[in-house]
Amino acid sequence: MDVSDYKQITPEFILEEYFNGKTVAYGVFENRSGEVINQFKVNITGSVEGDVLTLDEDFIYKNGNVDKRLWKINILPDGQYEGTTNGVIGTASGRRSGNAFNWIYVFDLPVGDTSYKLKFDDWMFLQDENVMINRAFVTKWGFKVGSVTLSFYKE
């Protein structure tokens with residue numbers, strides 16, 4: 001897929017507008033066999049200052065674990081974005097077009113006493129002004145590890 005394939009689809013997804021304020025998301029992580037191995041809720045507070053979108057995310061997992069991420073996303077010209085957060089190796093890069101946003105990054109995921117460097121190919125699709133659906137495809141060395149599906153709602 002190419003994000004420009006969605007340029008004619010509305011509503012237009014402008015990250016800094018959608019995520020400005022409070023958003024909640026519910027998600028599942030599926031392994032490569034399609035088995036749901038974790039479920040979670042994310043409470044997000046977003047703010048925009050100049051050309052920087054900040055997302056303060058609190059993850060609450062069904063297994064009792066809690067995680068926090070603080071994204072700093074630079075808003076670049078022509079629908080481009082770059083961002084950093086704890087766990088992301090280097091910089092995440094994204095592009096929007098129409099109702100779609102594609103976000104690619106490598107995440108160092110801790111599991112037990114080790115961690116795995118996983119590539120996320122993250123696709124977000126704005127459904128209306130309040131609802132967005134996110135599907136992330138997760139790979140390691142080009143092999144499918146699993147996928148993440150989230151539904152986002154503006155509060």
# chains A, B, ... in the order shown; residues from 1 in each chain; ligands from 1
call {"tool": "residues_around", "arguments": {"residues": "Trp123 in chain A", "least_positions_apart": "6", "cutoff": "12 Å", "atoms": "only C-alpha atoms", "output": "ChimeraX atom specification"}}
result
/A:1-3,6,13,94-97,99-105,132-138,147-151
call {"tool": "closest_atom_pairs", "arguments": {"of": "range 63-146 of chain A", "to": "range 28-36 of chain A", "cutoff": "8 Å", "atoms": "only C-alpha atoms", "output": "JSON lines"}}
result
{"residue": "A:Lys144", "atom": "CA", "partner": "A:Arg32", "partner_atom": "CA", "distance": 6.1}
{"residue": "A:Val145", "atom": "CA", "partner": "A:Arg32", "partner_atom": "CA", "distance": 5.1}
{"residue": "A:Gly146", "atom": "CA", "partner": "A:Asn31", "partner_atom": "CA", "distance": 4.2}
call {"tool": "closest_residue", "arguments": {"among": "A:Gly98, A:Gly83, A:Ile37, A:Lys72", "to": "Met124 in chain A", "atoms": "only C-alpha atoms"}}
result
A:Gly98
call {"tool": "select_by_dssp", "arguments": {"residues": "range 41-109 of chain A", "states": "strand (DSSP E)", "output": "PyMOL selection string"}}
result
chain A and resi 41-49+52-61+66-75+80-84+88-97+100-109
call {"tool": "closest_residue", "arguments": {"among": "A:Gly142, A:Val111, A:Arg69, A:Val131", "to": "Tyr26 in chain A", "atoms": "only C-alpha atoms"}}
result
A:Val131
